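*Asks:* Dropping in work.txt, which is compact mmCIF, C-alpha atoms:
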```
# COMPACT_ATOMS: atom_id res chain seq x y z
CA MET F 889 104.61 78.96 151.10
CA LEU F 890 106.70 78.83 147.95
CA ASP F 891 106.01 76.14 145.41
CA PRO F 892 109.19 74.00 145.23
CA ARG F 893 108.48 73.19 141.57
CA ILE F 894 109.10 76.85 140.57
CA PRO F 895 112.76 77.89 140.10
CA PHE F 896 112.77 81.14 142.07
CA LYS F 897 116.61 81.47 142.22
CA ASN F 898 117.23 84.73 144.14
CA ARG F 899 113.61 85.86 144.25
CA TYR F 900 114.34 89.34 145.60
CA LEU F 901 116.75 89.99 142.76
CA ALA F 902 114.03 88.70 140.44
CA GLY F 903 111.61 91.20 141.99
CA ILE F 904 114.01 94.09 141.41
CA LEU F 905 114.57 92.99 137.81
CA ALA F 906 110.82 92.67 137.30
CA PHE F 907 110.38 96.22 138.57
CA LEU F 908 113.16 97.66 136.42
CA PHE F 909 112.05 95.93 133.22
CA PRO F 910 108.68 94.13 133.05
CA GLY F 911 109.19 90.40 132.56
CA ALA F 912 112.94 90.47 133.23
CA GLY F 913 112.51 88.84 136.65
CA HIS F 914 110.77 85.83 135.14
CA VAL F 915 113.34 85.54 132.37
CA TYR F 916 116.08 85.54 135.03
CA GLN F 917 114.27 82.69 136.77
CA GLY F 918 114.00 80.76 133.52
CA ARG F 919 110.20 81.21 133.35
CA TYR F 920 110.45 82.44 129.79
CA PHE F 921 106.82 82.06 128.74
CA LYS F 922 105.49 84.19 131.57
CA GLY F 923 108.36 86.66 131.28
CA ILE F 924 107.82 87.31 127.61
CA LEU F 925 104.02 87.33 127.95
CA CYS F 926 103.95 89.76 130.89
CA GLY F 927 106.74 91.96 129.54
CA THR F 928 105.09 92.28 126.15
CA CYS F 929 101.66 93.04 127.58
CA VAL F 930 102.89 95.62 130.09
CA LEU F 931 105.26 97.41 127.71
CA VAL F 932 102.85 97.44 124.76
CA THR F 933 100.11 98.85 126.99
CA PHE F 934 102.45 101.48 128.41
CA PHE F 935 103.95 102.68 125.14
CA TYR F 936 100.63 102.53 123.32
CA GLY F 937 99.20 104.79 126.00
CA MET F 938 102.14 107.14 125.67
CA ALA F 939 101.73 107.32 121.89
CA LEU F 940 98.00 107.90 122.28
CA GLY F 941 98.76 110.83 124.57
CA ASN F 942 101.28 112.39 122.18
CA TRP F 943 104.14 111.11 124.42
CA SER F 944 103.17 113.69 127.02
CA VAL F 945 101.15 111.79 129.64
CA VAL F 946 103.94 110.25 131.73
CA TYR F 947 105.69 112.80 133.93
CA TRP F 948 106.27 113.64 137.55
CA LYS F 949 105.05 117.00 138.71
CA LYS F 950 104.76 117.67 142.41
CA ASP F 951 101.26 118.77 143.27
CA PRO F 952 100.47 118.89 147.02
CA THR F 953 96.77 119.38 146.29
CA ASN F 954 96.47 116.22 144.21
CA PHE F 955 96.90 112.94 146.06
CA LEU F 956 95.90 110.91 143.02
CA ASN F 957 98.89 111.70 140.86
CA PRO F 958 98.87 109.25 137.89
CA TYR F 959 102.61 108.82 138.24
CA TYR F 960 102.08 106.82 141.45
CA ALA F 961 100.77 104.01 139.19
CA GLN F 962 102.91 104.69 136.11
CA VAL F 963 106.19 104.46 138.04
CA PHE F 964 105.74 100.70 138.55
CA VAL F 965 106.53 100.12 134.89
CA GLY F 966 110.12 100.69 135.99
CA LEU F 967 112.89 101.95 133.74
CA PRO F 968 110.60 103.21 130.96
CA ALA F 969 108.93 105.56 133.49
CA LEU F 970 111.94 106.52 135.61
CA PRO F 971 113.33 109.26 133.29
CA SER F 972 110.37 111.33 134.52
CA LEU F 973 112.10 111.87 137.85
CA MET F 974 115.24 113.21 136.21
CA GLN F 975 113.24 115.33 133.78
CA ALA F 976 111.22 116.78 136.65
CA ARG F 977 114.47 117.90 138.31
CA ARG F 978 115.64 119.45 135.06
CA TYR F 979 112.26 121.10 134.49
CA GLU F 980 112.15 122.65 137.95
CA SER F 981 115.81 123.70 137.83
CA ARG F 982 116.56 127.41 138.12
CA THR F 983 118.39 127.25 134.81
CA ASN F 984 115.26 126.13 132.94
CA VAL F 985 114.00 129.60 132.10
CA ASP F 986 113.76 131.75 128.99
CA GLU F 987 117.22 132.10 127.44
CA ILE F 988 118.90 134.93 125.58
CA SER F 989 121.86 132.97 124.31
CA LEU F 990 122.54 130.06 122.02
CA SER F 991 124.10 126.98 123.65
CA ALA F 992 124.74 125.21 120.33
CA PRO F 993 124.32 126.08 116.65
CA LEU F 994 120.73 125.69 115.54
CA ASN F 995 119.64 124.32 112.18
CA ALA F 996 116.02 123.21 112.26
CA PRO F 997 112.63 123.46 110.58
CA PHE F 998 110.78 126.55 111.71
CA HIS F 999 107.32 128.06 111.50
CA GLY F 1000 106.17 131.35 112.94
CA THR F 1001 105.37 134.94 112.15
CA LEU F 1002 107.31 137.83 110.66
CA ARG F 1003 106.71 141.40 111.81
CA MET F 1004 108.48 144.05 109.76
CA HIS F 1005 109.39 147.46 111.18
CA ASP F 1006 110.50 148.73 107.80
CA HIS F 1007 108.40 147.78 104.77
CA ASN F 1008 110.86 149.19 102.21
CA PHE F 1009 112.57 145.81 101.83
CA GLY F 1010 109.71 144.17 99.97
CA LEU F 1011 108.68 142.02 102.91
CA ALA F 1012 105.27 142.03 104.53
CA ASP F 1013 104.01 140.83 107.89
CA GLY F 1014 102.71 137.27 107.89
CA ALA F 1015 103.17 133.61 108.62
CA VAL F 1016 106.43 132.00 107.54
CA THR F 1017 107.56 128.39 107.18
CA GLY F 1018 111.04 127.12 106.38
CA GLN F 1019 114.46 126.41 107.82
CA ILE F 1020 116.27 128.47 110.44
CA GLU F 1021 120.04 128.53 110.95
CA LEU F 1022 121.57 130.31 113.93
CA GLN F 1023 125.05 130.35 115.37
CA ALA F 1024 126.99 132.40 117.90
CA GLY F 1025 127.53 136.00 116.82
CA THR F 1026 130.88 137.64 116.22
CA LYS F 1027 130.34 140.62 118.52
CA PRO F 1028 128.18 139.63 121.48
CA ALA F 1029 129.31 142.70 123.43
CA GLU F 1030 127.71 144.90 120.77
CA GLY F 1031 124.46 142.98 120.89
CA ARG F 1032 125.31 140.63 118.02
CA VAL F 1033 124.74 137.50 120.16
CA VAL F 1034 123.68 135.37 117.21
CA GLN F 1035 123.86 135.48 113.47
CA GLY F 1036 122.18 133.35 110.88
CA LYS F 1037 119.45 133.20 108.31
CA PHE F 1038 115.96 131.98 107.62
CA THR F 1039 115.03 130.50 104.25
CA GLY F 1040 111.47 129.56 103.51
CA THR F 1041 108.16 130.86 102.29
CA GLU F 1042 105.74 133.57 103.26
CA ASP F 1043 102.36 133.25 101.52
CA LYS F 1044 103.93 130.85 98.99
CA LYS F 1045 106.62 133.41 98.20
CA GLU F 1046 110.26 132.36 98.64
CA ILE F 1047 112.10 134.57 101.13
CA THR F 1048 115.52 134.70 102.76
CA LEU F 1049 116.03 136.69 105.95
CA SER F 1050 119.28 137.65 107.65
CA LEU F 1051 119.02 137.20 111.40
CA GLY F 1052 121.02 138.70 114.24
CA GLY F 1053 120.86 140.56 117.51
CA THR F 1054 119.89 139.02 120.82
CA PRO F 1055 117.43 136.15 120.52
CA LYS F 1056 114.98 135.09 123.17
CA PHE F 1057 114.19 131.40 123.48
CA GLY F 1058 111.55 129.71 125.61
CA LYS F 1059 112.36 127.06 128.24
CA ALA F 1060 114.70 124.33 127.07
CA VAL F 1061 113.01 121.50 128.99
CA SER F 1062 109.27 120.89 128.62
CA ALA F 1063 106.88 118.28 127.26
CA ASP F 1064 105.91 120.48 124.31
CA PRO F 1065 107.44 118.90 121.19
CA GLU F 1066 108.19 122.40 119.89
CA ARG F 1067 110.39 124.98 121.55
CA GLU F 1068 109.58 128.64 121.23
CA LEU F 1069 111.79 131.25 119.67
CA LEU F 1070 110.15 134.26 121.26
CA SER F 1071 112.01 136.73 119.08
CA VAL F 1072 115.07 137.27 116.94
CA ASP F 1073 115.94 140.36 114.94
CA VAL F 1074 115.69 140.48 111.16
CA ILE F 1075 118.61 142.64 110.00
CA ASP F 1076 119.69 144.35 106.80
CA ALA F 1077 123.05 144.08 105.00
CA SER F 1078 124.53 147.35 106.29
CA ASP F 1079 127.44 147.52 108.74
CA PRO F 1080 126.62 147.77 111.56
CA PRO F 1081 123.38 145.96 110.68
CA GLN F 1082 120.08 147.65 111.40
CA THR F 1083 117.03 145.85 112.73
CA ILE F 1084 114.26 145.89 110.13
CA GLY F 1085 111.90 143.35 111.62
CA ARG F 1086 111.33 140.60 114.11
CA LEU F 1087 110.83 136.89 113.68
CA SER F 1088 109.14 134.62 116.22
CA GLY F 1089 107.87 131.07 116.11
CA LYS F 1090 108.62 127.47 116.99
CA PHE F 1091 111.14 124.79 116.10
CA PRO F 1092 111.35 121.11 117.16
CA ARG F 1093 112.58 120.49 120.66
CA LYS F 1094 115.31 117.89 121.26
CA LEU F 1095 113.92 114.50 122.30
CA VAL F 1096 116.13 114.47 125.40
CA ASP F 1097 114.55 117.77 126.48
CA ARG F 1098 110.94 116.67 126.05
CA PHE F 1099 110.74 112.92 126.77
CA GLU F 1100 108.68 112.46 129.95
CA ALA F 1101 109.20 116.09 130.92
CA PRO F 1102 106.36 117.90 132.72
CA PRO F 1103 104.19 120.06 130.47
CA ASP F 1104 103.74 123.79 130.84
CA ASP F 1105 100.23 124.87 131.73
CA GLU F 1106 99.66 126.25 128.25
CA TYR F 1107 100.76 123.04 126.54
CA TYR F 1108 98.76 120.94 129.01
CA LEU F 1109 95.60 122.80 128.08
CA SER F 1110 96.35 122.57 124.37
CA LEU F 1111 96.89 118.82 124.79
CA HIS F 1112 93.43 118.52 126.32
CA ARG F 1113 91.96 120.58 123.51
CA THR F 1114 93.66 118.44 120.86
CA LEU F 1115 93.18 114.99 122.35
CA GLY F 1116 89.95 115.40 124.31
CA LYS F 1117 88.90 112.13 125.93
CA PHE F 1118 91.92 110.35 124.43
CA HIS F 1119 94.09 112.15 126.96
CA GLU F 1120 92.29 110.33 129.78
CA LEU F 1121 92.38 107.12 127.78
CA ALA F 1122 96.13 107.46 127.28
CA MET F 1123 96.57 108.14 130.99
CA THR F 1124 94.48 105.05 131.78
CA PHE F 1125 96.60 102.82 129.53
CA THR F 1126 99.86 103.94 131.13
CA MET F 1127 98.46 103.64 134.66
CA ILE F 1128 97.06 100.16 134.06
CA ALA F 1129 100.44 99.09 132.67
CA GLY F 1130 102.07 100.16 135.95
CA LEU F 1131 99.44 98.44 138.07
CA LEU F 1132 99.75 95.22 136.06
CA ASN F 1133 103.49 95.24 136.64
CA ILE F 1134 102.87 95.19 140.40
CA LEU F 1135 101.21 91.80 139.88
CA VAL F 1136 104.17 90.70 137.75
CA ILE F 1137 106.65 91.75 140.46
CA LEU F 1138 104.69 89.85 143.11
CA ASP F 1139 104.59 86.79 140.87
CA ALA F 1140 108.38 86.91 140.44
CA VAL F 1141 108.91 87.16 144.22
CA GLU F 1142 106.16 84.97 145.64
CA GLY F 1143 105.05 82.83 142.72
CA PRO F 1144 101.59 82.53 141.22
CA ALA F 1145 98.57 82.64 143.49
CA TYR F 1146 97.22 79.21 142.48
CA GLY F 1147 100.37 77.61 141.11
CA TYR F 1148 99.93 74.60 138.89
CA GLY F 1149 96.20 74.68 138.48
CA ASP F 1150 94.84 73.83 141.91
CA GLY F 1151 92.75 76.97 141.92
CA SER F 1152 88.98 76.72 142.10
CA ASP F 1153 87.03 73.80 143.53
CA ALA F 1154 85.44 73.12 140.16
CA GLU F 1155 88.86 72.91 138.58
CA GLN F 1156 90.10 70.61 141.30
CA LYS F 1157 87.13 68.31 140.75
CA ALA F 1158 87.69 68.39 137.00
CA ALA F 1159 91.38 67.59 137.46
CA ALA F 1160 90.53 64.82 139.93
CA SER F 1161 87.94 63.24 137.63
CA ALA F 1162 90.34 63.50 134.68
CA SER F 1163 93.06 61.75 136.66
CA ALA F 1164 90.57 59.12 137.81
CA ASP F 1165 89.57 58.44 134.20
CA LYS F 1166 93.20 58.05 133.29
CA THR F 1167 93.67 55.63 136.18
CA VAL F 1168 90.73 53.52 135.03
CA LYS F 1169 92.03 53.56 131.50
CA ALA F 1170 95.46 52.60 132.72
CA VAL F 1171 94.21 49.35 134.32
CA PRO F 1172 95.16 46.48 132.02
CA PRO F 1173 92.27 44.55 130.61
CA ALA F 1174 91.24 41.49 132.55
CA GLN F 1175 93.07 38.35 131.57
CA PRO F 1176 91.13 35.20 130.83
CA PRO F 1177 91.47 32.64 133.56
CA PRO F 1178 94.34 30.27 132.97
CA ALA F 1179 93.34 26.98 131.54
CA HIS F 1180 93.49 24.18 134.09
CA PRO F 1181 96.00 21.58 133.14
CA PRO F 1182 94.34 18.28 132.36
CA ILE F 1183 94.11 16.08 135.38
CA ALA F 1184 96.26 13.11 134.88
CA ALA F 1185 94.55 9.78 135.43
CA PRO F 1186 95.79 8.01 138.50
CA LYS F 1187 98.05 5.15 137.80
CA VAL F 1188 96.72 1.92 138.89
CA MET N 918 102.35 110.71 114.71
CA GLN N 919 99.62 113.02 113.48
CA SER N 920 98.12 110.30 111.28
CA PHE N 921 98.17 108.01 114.28
CA LEU N 922 96.24 110.54 116.31
CA ILE N 923 93.79 111.14 113.51
CA LEU N 924 93.18 107.40 113.36
CA ALA N 925 92.65 107.39 117.08
CA ASP N 926 90.26 110.28 116.77
CA LYS N 927 88.09 108.37 114.29
CA THR N 928 87.90 105.31 116.52
CA HIS N 929 85.23 105.19 119.18
CA ALA N 930 86.81 105.05 122.61
CA SER N 931 84.87 101.86 123.48
CA TRP N 932 86.99 99.84 121.05
CA TYR N 933 90.01 100.51 123.23
CA LEU N 934 88.40 98.21 125.78
CA LEU N 935 89.36 95.17 123.66
CA PRO N 936 93.17 95.44 123.83
CA LEU N 937 92.98 96.66 127.40
CA ALA N 938 90.80 93.71 128.49
CA LEU N 939 93.09 91.34 126.60
CA THR N 940 96.28 92.51 128.30
CA VAL N 941 94.63 92.67 131.72
CA SER N 942 93.27 89.13 131.40
CA LEU N 943 96.59 87.76 130.10
CA VAL N 944 98.74 89.33 132.80
CA TYR N 945 96.24 88.63 135.58
CA SER N 946 95.97 84.96 134.60
CA ALA N 947 99.75 84.71 134.20
CA THR N 948 100.14 85.81 137.80
CA ARG N 949 97.55 83.29 139.04
CA PHE N 950 98.82 80.16 137.29
CA GLU N 951 102.12 78.65 136.23
CA TYR N 952 101.22 76.18 133.51
CA PRO N 953 101.15 78.00 130.10
CA PRO N 954 98.13 76.21 128.55
CA GLN N 955 96.19 76.93 131.70
CA ILE N 956 97.22 80.59 131.62
CA LEU N 957 95.90 80.91 128.09
CA ARG N 958 92.68 79.03 128.85
CA ARG N 959 91.94 81.07 131.96
CA SER N 960 92.82 84.36 130.31
CA ALA N 961 90.43 83.58 127.44
CA ARG N 962 87.73 82.90 130.00
CA LEU N 963 88.49 86.12 131.89
CA PHE N 964 88.54 88.10 128.64
CA VAL N 965 85.06 86.85 127.72
CA THR N 966 83.85 87.50 131.29
CA ILE N 967 85.07 91.11 131.16
CA LEU N 968 83.45 91.71 127.79
CA VAL N 969 80.15 90.14 128.82
CA SER N 970 80.13 92.12 132.07
CA MET N 971 80.81 95.35 130.25
CA ALA N 972 78.16 94.57 127.67
CA ALA N 973 75.65 93.87 130.44
CA LEU N 974 76.58 97.12 132.15
CA PHE N 975 76.24 98.93 128.86
CA ALA N 976 72.78 97.41 128.33
CA VAL N 977 71.63 98.45 131.80
CA LEU N 978 72.88 102.01 131.35
CA PHE N 979 71.39 102.13 127.85
CA LEU N 980 67.98 101.10 129.18
CA LEU N 981 68.18 103.53 132.09
CA SER N 982 69.01 106.37 129.75
CA TRP N 983 66.25 105.48 127.28
CA ASN N 984 64.40 108.61 126.12
CA LEU N 985 66.41 110.91 128.35
```
Translate the structure described by the file into structure tokens.

*Replies:*
Amino acid sequence: MLDPRIPFKNRYLAGILAFLFPGAGHVYQGRYFKGILCGTCVLVTFFYGMALGNWSVVYWKKDPTNFLNPYYAQVFVGLPALPSLMQARRYESRTNVDEISLSAPLNAPFHGTLRMHDHNFGLADGAVTGQIELQAGTKPAEGRVVQGKFTGTEDKKEITLSLGGTPKFGKAVSADPERELLSVDVIDASDPPQTIGRLSGKFPRKLVDRFEAPPDDEYYLSLHRTLGKFHELAMTFTMIAGLLNILVILDAVEGPAYGYGDGSDAEQKAAASASADKTVKAVPPAQPPPAHPPIAAPKV
Amino acid sequence: MQSFLILADKTHASWYLLPLALTVSLVYSATRFEYPPQILRRSARLFVTILVSMAALFAVLFLLSWNL
């Protein structure tokens, strides 16, 4: 039975709001203290867990062999966990495969390796770090799909490379914070340009392409290697946040289990004795008996 | 982000029990009671109960694993 002292308003709407955003149902009902308290606790736990897991522990990946998918608990955090469903669709889409074209100009930090076919240009094989710029090529029909340059260092030596040809990029959508550039040609200044080497490496992935996206197997294993037990800890934080929000949703719909403090027997007794004390204290002190008026002497 | 992870790596995982127990006790108590002072009082009690229980469990496991 609902406690009439609690302003439930439309309690089902409150439940939906509480699911979508932890604490919002209580705020809608005007129960601000509980709304802010529960919302803060659930969201801090959830996002702290995500940060602990390198923002890669909340995702939906269908696995018929695993009935204990962590997402079953995480999803109850509501809106903060729902992008996983959309990202899972994007991840499993047929278009999310290795690409050989450039959808938008690229200008990003880059690290990787350089392999030279021709060593007459004063460049050696090795690790490179710097900035990569790529844009659509002028003659894609002739294999010049992209053109651009790389500026950076190789073994502390400043280098600039002209890039061209047909690049090969890894998947666009994945939890890995870095996207792979599997290969792009290093070209010389002749016309038509000749391929003198090959550059491969990684550059930062767009946030919209990695947030709550499922990880590739390779990245999943590397995450375990990097984080160790903190991966499980991060998963635990995010799952507990979701499970706590179930309690918050129920509280918004049905009210608190014990209401205004009539919970345990001991507490009831304590409350009863406290109220009894107050009652005793509230009794006004005894008044002295009224003085009898002097008895008048009978008139003779 | 990296520094955050390094910090996490240097912290023993047991310390993560404290914030977790705190949030669990706060939210659990908030869904049991309506009166704010009572929520805080009961959550403090639950927080201490969780910590004492975990410490007792730790002591039992520590003794059982003595000299293993």

*Asks:* Show which residues sit within 10 Å of Lys949 of chain F, as number ranges by chain. Count only C-alpha atoms, and ignore same-chain residues fewer than 6 positions away.

*Replies:* F: 957-959, 972-973, 975-977, 979-980, 1101-1103

*Asks:* From the options N:Pro936, N:Ser960, N:Thr928, N:Ala973, which residue's atoms come nearest to Thr948 of chain N, counting all atoms listed in the file?

*Replies:*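 Ranked by minimum distance to Thr948 of chain N, first place goes to N:Ser960.
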
*Asks:* Rounded to one decimal place, report the atom CA of Gly1058 of chain F-atom CA of Asp986 of chain F distance in Å.

*Replies:* 4.5 Å

*Asks:* Check which residues of chain F sit at most 8 Å from chain N using all atoms listed in the file, and return one row each with the closest pair of atoms and their distance in Å to one decimal, ordered by chain and rising number, as JSON lines.

*Replies:*
```
{"residue": "F:Phe921", "atom": "CA", "partner": "N:Pro953", "partner_atom": "CA", "distance": 7.1}
{"residue": "F:Lys922", "atom": "CA", "partner": "N:Ala947", "partner_atom": "CA", "distance": 6.3}
{"residue": "F:Leu925", "atom": "CA", "partner": "N:Val944", "partner_atom": "CA", "distance": 7.4}
{"residue": "F:Cys926", "atom": "CA", "partner": "N:Val944", "partner_atom": "CA", "distance": 5.6}
{"residue": "F:Cys929", "atom": "CA", "partner": "N:Thr940", "partner_atom": "CA", "distance": 5.5}
{"residue": "F:Val930", "atom": "CA", "partner": "N:Thr940", "partner_atom": "CA", "distance": 7.5}
{"residue": "F:Thr933", "atom": "CA", "partner": "N:Leu937", "partner_atom": "CA", "distance": 7.5}
{"residue": "F:Ala939", "atom": "CA", "partner": "N:Met918", "partner_atom": "CA", "distance": 8.0}
{"residue": "F:Leu940", "atom": "CA", "partner": "N:Leu922", "partner_atom": "CA", "distance": 6.8}
{"residue": "F:Asn942", "atom": "CA", "partner": "N:Met918", "partner_atom": "CA", "distance": 7.7}
{"residue": "F:Leu1115", "atom": "CA", "partner": "N:Asp926", "partner_atom": "CA", "distance": 7.9}
{"residue": "F:Phe1118", "atom": "CA", "partner": "N:Ala930", "partner_atom": "CA", "distance": 7.6}
{"residue": "F:Leu1121", "atom": "CA", "partner": "N:Ala930", "partner_atom": "CA", "distance": 7.9}
{"residue": "F:Phe1125", "atom": "CA", "partner": "N:Leu937", "partner_atom": "CA", "distance": 7.5}
{"residue": "F:Leu1132", "atom": "CA", "partner": "N:Val944", "partner_atom": "CA", "distance": 6.8}
{"residue": "F:Leu1135", "atom": "CA", "partner": "N:Thr948", "partner_atom": "CA", "distance": 6.4}
{"residue": "F:Val1136", "atom": "CA", "partner": "N:Thr948", "partner_atom": "CA", "distance": 6.3}
{"residue": "F:Asp1139", "atom": "CA", "partner": "N:Thr948", "partner_atom": "CA", "distance": 5.5}
{"residue": "F:Gly1143", "atom": "CA", "partner": "N:Thr948", "partner_atom": "CA", "distance": 7.6}
{"residue": "F:Pro1144", "atom": "CA", "partner": "N:Arg949", "partner_atom": "CA", "distance": 4.7}
{"residue": "F:Ala1145", "atom": "CA", "partner": "N:Arg949", "partner_atom": "CA", "distance": 4.6}
{"residue": "F:Tyr1146", "atom": "CA", "partner": "N:Arg949", "partner_atom": "CA", "distance": 5.3}
{"residue": "F:Gly1147", "atom": "CA", "partner": "N:Phe950", "partner_atom": "CA", "distance": 4.8}
{"residue": "F:Tyr1148", "atom": "CA", "partner": "N:Glu951", "partner_atom": "CA", "distance": 5.3}
{"residue": "F:Gly1149", "atom": "CA", "partner": "N:Phe950", "partner_atom": "CA", "distance": 6.2}
```

*Asks:* Would you mind exporting the chosen residues as a PDB file, in the coordinates of the input, restricted to C-alpha atoms?

*Replies:*
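Saved to out36.pdb:
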```pdb
ATOM      1  CA  PHE F 921     106.820  82.060 128.740  1.00  0.00           C
ATOM      2  CA  LYS F 922     105.490  84.190 131.570  1.00  0.00           C
ATOM      3  CA  LEU F 925     104.020  87.330 127.950  1.00  0.00           C
ATOM      4  CA  CYS F 926     103.950  89.760 130.890  1.00  0.00           C
ATOM      5  CA  CYS F 929     101.660  93.040 127.580  1.00  0.00           C
ATOM      6  CA  VAL F 930     102.890  95.620 130.090  1.00  0.00           C
ATOM      7  CA  THR F 933     100.110  98.850 126.990  1.00  0.00           C
ATOM      8  CA  ALA F 939     101.730 107.320 121.890  1.00  0.00           C
ATOM      9  CA  LEU F 940      98.000 107.900 122.280  1.00  0.00           C
ATOM     10  CA  ASN F 942     101.280 112.390 122.180  1.00  0.00           C
ATOM     11  CA  LEU F1115      93.180 114.990 122.350  1.00  0.00           C
ATOM     12  CA  PHE F1118      91.920 110.350 124.430  1.00  0.00           C
ATOM     13  CA  LEU F1121      92.380 107.120 127.780  1.00  0.00           C
ATOM     14  CA  PHE F1125      96.600 102.820 129.530  1.00  0.00           C
ATOM     15  CA  LEU F1132      99.750  95.220 136.060  1.00  0.00           C
ATOM     16  CA  LEU F1135     101.210  91.800 139.880  1.00  0.00           C
ATOM     17  CA  VAL F1136     104.170  90.700 137.750  1.00  0.00           C
ATOM     18  CA  ASP F1139     104.590  86.790 140.870  1.00  0.00           C
ATOM     19  CA  GLY F1143     105.050  82.830 142.720  1.00  0.00           C
ATOM     20  CA  PRO F1144     101.590  82.530 141.220  1.00  0.00           C
ATOM     21  CA  ALA F1145      98.570  82.640 143.490  1.00  0.00           C
ATOM     22  CA  TYR F1146      97.220  79.210 142.480  1.00  0.00           C
ATOM     23  CA  GLY F1147     100.370  77.610 141.110  1.00  0.00           C
ATOM     24  CA  TYR F1148      99.930  74.600 138.890  1.00  0.00           C
ATOM     25  CA  GLY F1149      96.200  74.680 138.480  1.00  0.00           C
TER      26      GLY F1149
END
```

*Asks:* Would you work out the distance separating atom CA of Arg978 of chain F from atom CA of Tyr947 of chain F, expressed in Å to one decimal?

*Replies:*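 Straight-line distance from atom CA of Arg978 of chain F to atom CA of Tyr947 of chain F works out to 12.0 Å.
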
*Asks:* Rounded to one decimal, what separation in Å do you get between atom CA of Pro971 of chain F and atom CA of His999 of chain F?

*Replies:* 29.4 Å

*Asks:* Within 12 Å of (114.5, 136.8, 98.4) (coordinates as in the file), grab all the protein and nucleic acid residues, counting all atoms listed in the file, and write them out as a list in words.

*Replies:*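 Within the cut-off we find Phe1009, Gly1010, Leu1011, Lys1037, Phe1038, Thr1039, Gly1040, Thr1041, Glu1042, Lys1045, Glu1046, Ile1047, Thr1048, Leu1049 and Ser1050 of chain F.
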
*Asks:* If the box runs along x, y and z of the file and leaves 8 Å on each side of segment 925-943 of chain N, what are its centre and edge lengths in Å, one decimal, as AutoDock Vina command-line options?

*Replies:*
```
--center_x 90.7 --center_y 99.0 --center_z 123.0 --size_x 27.7 --size_y 38.5 --size_z 33.4
```

*Asks:* Just the residues within 6 Å of segment 1092-1094 of chain F, please, counting all atoms listed in the file, with nothing from its chain fewer than 4 positions along; format it as a list in words.

*Replies:*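 The contact residues come out as Pro1065, Glu1066 and Arg1067 of chain F.
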
*Asks:* Applying 7 Å and only C-alpha atoms, which residues near segment 962-971 of chain N remain after dropping the ones on its own chain fewer than 4 positions away? List them as a list in words.

*Replies:*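 Residues meeting the cut-off are Ala938, Leu939, Ser942, Arg958 and Phe975 of chain N.
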
*Asks:* Nearest residue to Asp1105 of chain F out of F:Ala1063, F:Ala902, F:Ile1128, F:Ala961, using all atoms listed in the file?

*Replies:*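 Checking each of F:Ala1063, F:Ala902, F:Ile1128, F:Ala961 against Asp1105 of chain F, counting all atoms listed in the file, the winner is F:Ala1063.
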
*Asks:* For segment 1006-1017 of chain F, supply N, CA and C atoms and format the output as an mmCIF file, in the frame of the given file.

*Replies:*
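What follows is the written file selection.cif:
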```
data_model
loop_
_atom_site.group_PDB
_atom_site.id
_atom_site.type_symbol
_atom_site.label_atom_id
_atom_site.label_comp_id
_atom_site.auth_asym_id
_atom_site.auth_seq_id
_atom_site.Cartn_x
_atom_site.Cartn_y
_atom_site.Cartn_z
ATOM 1 N N ASP F 1006 110.227 147.913 108.993
ATOM 2 C CA ASP F 1006 110.500 148.730 107.800
ATOM 3 C C ASP F 1006 110.001 147.964 106.574
ATOM 4 N N HIS F 1007 109.010 148.493 105.899
ATOM 5 C CA HIS F 1007 108.400 147.780 104.770
ATOM 6 C C HIS F 1007 109.057 148.116 103.431
ATOM 7 N N ASN F 1008 110.190 148.818 103.468
ATOM 8 C CA ASN F 1008 110.860 149.190 102.210
ATOM 9 C C ASN F 1008 111.683 148.052 101.624
ATOM 10 N N PHE F 1009 111.742 146.924 102.312
ATOM 11 C CA PHE F 1009 112.570 145.810 101.830
ATOM 12 C C PHE F 1009 111.765 144.770 101.064
ATOM 13 N N GLY F 1010 110.532 145.087 100.764
ATOM 14 C CA GLY F 1010 109.710 144.170 99.970
ATOM 15 C C GLY F 1010 109.168 143.008 100.756
ATOM 16 N N LEU F 1011 109.195 143.111 102.076
ATOM 17 C CA LEU F 1011 108.680 142.020 102.910
ATOM 18 C C LEU F 1011 107.483 142.517 103.698
ATOM 19 N N ALA F 1012 106.481 141.652 103.802
ATOM 20 C CA ALA F 1012 105.270 142.030 104.530
ATOM 21 C C ALA F 1012 105.148 141.189 105.790
ATOM 22 N N ASP F 1013 104.286 141.629 106.694
ATOM 23 C CA ASP F 1013 104.010 140.830 107.890
ATOM 24 C C ASP F 1013 103.239 139.579 107.480
ATOM 25 N N GLY F 1014 103.484 138.480 108.188
ATOM 26 C CA GLY F 1014 102.710 137.270 107.890
ATOM 27 C C GLY F 1014 103.346 136.024 108.455
ATOM 28 N N ALA F 1015 102.678 134.908 108.136
ATOM 29 C CA ALA F 1015 103.170 133.610 108.620
ATOM 30 C C ALA F 1015 104.271 133.100 107.703
ATOM 31 N N VAL F 1016 105.303 132.531 108.323
ATOM 32 C CA VAL F 1016 106.430 132.000 107.540
ATOM 33 C C VAL F 1016 106.687 130.545 107.928
ATOM 34 N N THR F 1017 107.186 129.787 106.950
ATOM 35 C CA THR F 1017 107.560 128.390 107.180
ATOM 36 C C THR F 1017 108.851 128.120 106.430
#
```
